[in-house]
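Shown next, in structure tokens, is the structure this report addresses.
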Amino acid sequence: MAADIGEVLVPYMPTIRVPRSGDRVYKSECVFSFDSPESEGGLYVCMSTFLGFGREHVERHYRKTGQCVYMHLKRTIKEKATGASGGVVPKRRSPRVVFDLEQNKDFNHEDYEYEDEAKLVIFPDHFEIPLPNIEELPALVTIACDAVLTAPSPYGKQDSESWEEELKHSKHEDNLDQLDNGVRIPPSGWKCAWCDLRDNLWLNLTDGTVLCGKWFFDGSGGNGHALEHYRKKKYPLAVKLGTITPDGADVYSFDEDEAVLDANIAEHLMHFGIDMLKMQTTENVSAVMDMKPRVSEWEMVQESGTKLKAIYGSGYTGIRNLGNSCFLSSVLQVIFSIPDFQRRYVGNLQRIFDYSPLDPTQDFDTQMAKLGHALLSGQYSRPPMKSDVIEQVMKEENKSQQQGMVPRMFKALVGKGHPEFSSNRQQDALEFFLHLIGLVDRNSSGTDDPSEVFRFLVEERVECCQSRNVKYKQRVDYIMQLPALLEAASNKEELIAYELRRREAERVKRPLREVVRAKIPYSGCLQAYQEPENVADFWSSALQAKSAAIKTIRFASFPEYLVIQIKKFTFGIDWVPKKLDVSIDMPDLLDICHLRATGLQPGEVELPDISPPIVITNQGKGHLLNHFMESPDIDESAVMQLAEMGFPLEACRKAVYYTGNLGAELAFNWIIAHMEEPDFAEPLTLPRCGEVGGVDVGQCEVGLSGGAASTRNQPPEEIVAIITSMGFHRKQAIHALKATNNNLERALDWIFSRTDSEDESEAASEDDSQSHIAAETDTEPARPRVRDGAGRYELFAFISHMGESTMSGHYVCHIKKEGRWVIYNDHKVHTSEKPPKDLGYIYFYQRLSY
């Protein structure tokens with residue numbers, strides 16, 4: 001018999017591999033479904049690629065690859081036999097547990113045991129070889145089988161606290177030099193000191209400089225200014241703003257080139273006015289004194305104390321929590337309740353699976369289709385058998401019968417390369433929603449992009465308060481952010497009385513049994529949204545100087561699905577993170593037609609299309625210098641002296657600037673020497689040094705006239721990725737960047753200012769000469785794809801957050817399906833009796849068809 005089995009395997013020996021270090025063995029989840037060894041058909045693991053397949057998908061892989069040898073894994077969960085006294089037999093490991101898998105947390109392991117079965121299956125005849133079978137199998141096959149059976153989980157970094165355990169203490173934590181320069185960091189309103197970015201910002205713990213981080217593979221991130229600052233100054237440690245909590249913060253050591261722990265982080269932050277110790281104390285007091293309000297929020301959002309009816313079947317499948325993954329579950333439940341996403345992924349399921357790459361675990365469309373089908377098919381949401389229910393009642397058990405599915409493979413893919421979503425920490429559901437929409441957009445064909453249902457155009461109108469000139473600009477957005485203003489509360493007197501009682505209870509260390517929330521009318525939030533806001537550091541092109549300005553925001557288009565975020569999270573003046581405990585009467589029906597943008601009105605004068613001057617400093621070399629920056633210091637009195645002589649104003653400004661503000665006489669000599677040059681009266685434009693995007697820096701090409709030599713390089717891929725993520729085509733992005741000398745903001749203005757699309761093929765040449773760029777400027781690419789319509793909506797879903805911070809707590813979502821509200825709380829899906837619409841964090845509205 002041994003010889004027979006060996007002969008059977010001989011033709012397939014070249015296809016049987018032993019897993020090497022770095023190989024991922026997917027033996028707990030099918031790559032096309034959520035079948036596992038515990039499923040009825042078990043799981044088939046390819047002995048060449050180590051991918052796992054459920055029974056209905058293994059044939060596809062065999063036909064596509066010709067791979068014939070698979071290991072079939074089947075796990076059966078059985079109740080332990082009872083002893084003479086009625087209790088279970090003393091726990092011992094079953095001798096039939098032969099492969100290493102995560103244990104099913106639904107079962108008490110004192111009462112249940114696993115029985116595992118493994119065998120080799122040879123396709124297409126389904127010839128089976130039971131395992132273990134050391135005597136009959138060739139040595140190589142035995143080694144390969146043992147390696148697969150004992151291989152660790154491919155999702156190690158998703159295990160609890162695994163990310164944190166990898167961090168080491170920095171060698172600089174005890175001897176970090178901190179400059180006594182008087183820098184104090186405010187609790188909000190941060191901005192990179194070298195560019196205009198306000199996200200992914202890092203605080204250098206030596207000198208207090210706030211700079212942007214590096215680029216990520218998905219196009220997010222910053223311009224790498226924090227790293228460049230280290231290369232210049234050699235200040236080693238930086239902390240990421242927005243991650244500072246009572247438990248610590250994200251610290252990076254440029255010198256050690258890795259994320260680190262800083263045992264003295266509280267002291268280092270205190271140097272810049274960030275009191276982490278006070279944050280810890282305040283939060284501890286809150287935990288003790290305000291326990292009842294916190295429990296009340298959890299009870300109301302999860303509808304605790306109400307007997308909720310479990311729902312099963314298509315569209316009512318829950319998602320199991322992997323440990324702080326509820327943010328992902330809530331967003332996905334809402335996303336796949338939208339028909340466009342259902343058609344894109346579930347409607348094209350077979351085509352996506354048939355054309356998936358050889359490694360489907362790394363294909364976004366495949367994993368989205370897999371997850372969407374699991375949520376909508378009802379395959380993982382089946383009601384319990386009547387016999388099981390009777391048995392539960394007899395045993396007086398109350399174990400949830402809702403199975404749900406475990407999205408480990410999906411979470412690993414969408415979080416890949418992202419410092420937050422690849423970790424096991426709790427995340428902001430809104431940030432994940434935007435991250436997911438970006439992935440959908442980048443992986444769609446353009447004509448079949450379901451993320452279009454959320455996309456809309458925003459019109460920003462900026463008015464110079466001094467000249468009264470205006471500037472209109474459009475940008476792409478996916479969310480409407482409504483401020484929650486406590487001063488708009490309708491129960492102010494009640495809040496004041498409650499605050500007095502709360503302080504007294506805190507003083508005498510007595511728990512407060514009641515909770516009073518600020519009741520803010522939706523109309524007050526909407527009014528605050530549409531009010532003009534002041535623009536900081538506005539440079540007026542009409543005045544050629546800084547001026548006060550106001551900005552108003554309107555909808556240039558209305559999306560098919562409107563996403564509204566309530567801005568509940570903020571920081572106190574003492575850096576204590578706070579969540580506003582507010583109740584907002586969000587309406588079921590919403591009409592925002594009055595927020596439709598109007599564009600330039602008769603009688604309005606546009607601000608001249610002149611960019612503010614850019615200062616080139618030593619810091620600027622090698623950086624992305626294409627953002628608007630503060631205007632340089634120019635002696636305006638000297639400028640006016642020259643202008644009164646009859647010279648053009650811009651020429652006078654350049655003369656004073658290029659002579660170092662040394663007086664009108666030297667500036668006059670500069671004018672005489674350059675007045676015959678063709679760009680004499682052109683606005684001041686400073687040179688850019690070398691390349692951008694992290695490429696080596698060359699020499700600055702500077703002419704005495706102040707003109708800058710045009711770059712002869714392809715636009716940086718990082719900037720191209722930003723523009724394409726907004727819904728524009730790659731050619732549009734490249735043309736716009738070339739036409740504006742790789743200036744991101746001007747490139748976006750360039751795209752929006754050209755409403756009619758023309759043939760882009762004439763501008764496809766790679767020649768970057770000045771004349772060709774001028775020709776490309778005449779090309780008018782298409783606008784981003786939006787689905788404009790009326791601004792009347794109906795609420796169909798909302799996501800709620802419980803807890804003190806987006807970095808902790810829990811998320812659930814409520815979705816209106818088949819005329820009733822349903823609550824999705826991880827893997828538990830029930831009818832909702834009292835949906836807490838006033839306590840939501842993110843609201844989803846669908847456009848009305850009438």
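By order in the structure tokens, chains are A, B, ...; within a chain, residues start at 1; ligands start at 1, following the order shown.
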Quick one: DSSP strand (DSSP E or B) residues in region 102-350 of chain A, as a PyMOL selection string? chain A and resi 112-122+127-131+168-169+201-204+210-212+215+221+237-240+245+248+251-253+258-261+310+319
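With only C-alpha atoms as the atoms that count, the residue of A:Glu56, A:Asp428, A:Asp537, A:Asp826 with the shortest distance to Gly41 (chain A) is A:Glu56.
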Would you kindly return, as a ChimeraX atom specification, each protein, DNA or RNA residue with an atom no farther than 6 Å from any atom of Arg320 (chain A), considering only C-alpha atoms and excluding same-chain residues fewer than 5 positions away? /A:404-406,826-827
Using the selection just defined, write its residues with C-alpha atoms as an mmCIF file, in the first residue's frame.
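Below you can see part.cif, which holds the result:
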```cif
data_model
loop_
_atom_site.group_PDB
_atom_site.id
_atom_site.type_symbol
_atom_site.label_atom_id
_atom_site.label_comp_id
_atom_site.auth_asym_id
_atom_site.auth_seq_id
_atom_site.Cartn_x
_atom_site.Cartn_y
_atom_site.Cartn_z
ATOM 1 C CA GLY A 404 -21.460 36.233 11.431
ATOM 2 C CA MET A 405 -18.135 36.166 9.637
ATOM 3 C CA VAL A 406 -14.575 37.106 10.532
ATOM 4 C CA ASP A 826 -20.701 43.429 15.540
ATOM 5 C CA HIS A 827 -22.056 39.927 14.747
#
```
Considering only C-alpha atoms, can you say which of A:Leu486, A:Leu371, A:Val10, A:Val582 comes closest to Val515 (chain A)?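 With only C-alpha atoms as the atom set, the closest residue is A:Val582.
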What's the 12 Å shell around Gly22 (chain A), counting only C-alpha atoms, without same-chain residues fewer than 3 positions away, as a PyMOL selection string? chain A and resi 18-19+25+50+151-154
Counting only C-alpha atoms, the residue of A:Pro383, A:Ala369, A:Val251, A:Leu197 that sits nearest Ser314 (chain A):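 The answer is A:Pro383, which sits nearest to Ser314 (chain A).
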In Å, with one decimal, what is the gap from CA of Trp539 (chain A) to CA of Cys464 (chain A)? 8.9 Å
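With only C-alpha atoms taken into account, the protein and nucleic acid residues at most 12 Å from Lys828 (chain A) (excluding it and anything under 6 positions from it in its own chain) are A:Gln302, A:Leu308, A:Lys309, A:Ala310, A:Ile311, A:Tyr312, A:Tyr316, A:Thr317, A:Gly318, A:Ile319, A:Arg320, A:Asn321, A:Cys326, A:Ser329, A:Ser330, A:Tyr380, A:Ser381, A:Lys399, A:Ser400, A:Gln401, A:Gln402, A:Gln403, A:Gly404, A:Met405, A:Val812, A:Cys813, A:His814, A:Val822.
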Could you check how far CA of Ala548 (chain A) sits from CA of Ala747 (chain A), in Å to one decimal?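 CA of Ala548 (chain A) sits 25.0 Å away from CA of Ala747 (chain A).
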For Thr243 (chain A), which of A:Phe123, A:Phe53, A:Phe558, A:Trp202 is the closest residue, counting only C-alpha atoms?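 Under the stated criterion, the closest residue is A:Trp202.
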Which distance in Å separates CA of Pro608 (chain A) and CA of Pro715 (chain A), to one decimal? 26.1 Å
